[in-house]
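The structure under discussion appears below in the form of structure tokens.
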Amino acid sequence: MQLLLPPSETKHPGGDGAPLDLGALRLPGLRPQREALLDALVALSGDEAAAMRVLKLSERQRPEIRANAAIRQAATMPAMDRYTGVLFDALAAETLPTQARGWLAEHALIQTAPLGPIGAADPIPSYRLAAGTALPGVPPLRRHWADATSAALADDPAVRSELVLDLRSQAYVALAPLPSGITSAYVHVVTRGADGHQRALNHFNKKAKGEFVRALALDPPPRDATLEAVVDWGHAHGQALVIDGEARVNLVV
């Protein structure tokens, strides 16, 4: 199984890892796109007024421009520890035992705007760039990433051979559509009303996804599990999953 996770706008600062090594990231074929985005971010950071406007930052967020300016030299930490916010707070990767963190390192990708999909344990610096940002000097992010990332995912042996559960928001799905031929399902969080009908859940969507990923890391299903087997796993682990069509599974909370 492979998981595709969204990033978070909020991040832990600092870190104690060596500066970003693009050659060590998962999906190394994306290096040209990564280099171009980093160059554009650093260039934009040379004009703080323009950076605040393009990145839609408040005065309080001005330090994030300096983080972008230093993105190639700054200290790093594993991506699963870098992000904060509702999903990653519920995942609480820093509290997981070593074996569970190892499982995430092997089985989870986090979709980012400046680096594309990266491994959950890949060391990354802090940065500020959202999926919908129009960054000067590069094409719109969707055009910059979509074709190259779909090809890189198709070339990844694990993505190509295992079930992929997609937990990304639609903005990040657009940056990296899954290629054809991949066995995948989009995880949609819903709640069941008193009338028995399922409805999309918005406010607690991210928390439910984080708790789901944590449960998977702590006691994962077999590597070659089918979607039906994952549903059965969920029933045994307090995760109510319902298959909804060929490429979607509802996580009922």
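Order determines the names: the first chain of the structure tokens is A, the second B, and so forth; residues in each chain are numbered 1 upward, and ligands are numbered 1 upward as they are shown.
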
Within 12 Å of stretch 84-99 of chain A: each stretch 117-200 of chain A residue with its shortest pair, only C-alpha atoms, as a Markdown table:
| residue | atom | partner | partner_atom | distance |
| --- | --- | --- | --- | --- |
| A:Ala120 | CA | A:Ala93 | CA | 9.7 |
| A:Ala121 | CA | A:Ala93 | CA | 10.1 |
| A:Ser126 | CA | A:Thr84 | CA | 11.2 |
| A:Leu167 | CA | A:Leu87 | CA | 10.5 |
| A:Arg168 | CA | A:Leu87 | CA | 10.9 |
| A:Ser169 | CA | A:Leu87 | CA | 11.7 |

Which neighbours of A:Leu55 fall inside 7 Å, counting only C-alpha atoms, when residues of the same chain fewer than 2 positions from it are skipped, and could you give them as a list in words? Ala51, Met52, Arg53, Leu57, Leu129 and Thr133 of chain A

Among the residues of stretch 27-89 of chain A, find those DSSP assigns to helix (DSSP H, G or I) from the backbone and print them as a ChimeraX atom specification. /A:28-45,48-55,59-61,63-69,79-82,86-89

Which of these, A:Gly137, A:Pro220, A:Pro177, A:Gly116, has the shortest distance to A:Gly29 once you count only C-alpha atoms? A:Gly116

Which residue is closest to A:Val252? Choose from A:Ala225, A:Arg199, A:Ala217, A:Asp21 and count only C-alpha atoms. A:Arg199

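Of the residues listed (A:Pro13, A:Arg26, A:Leu109, A:Arg82), A:Arg26 shows the shortest atom-to-atom separation from A:Asp155; distances use only C-alpha atoms.
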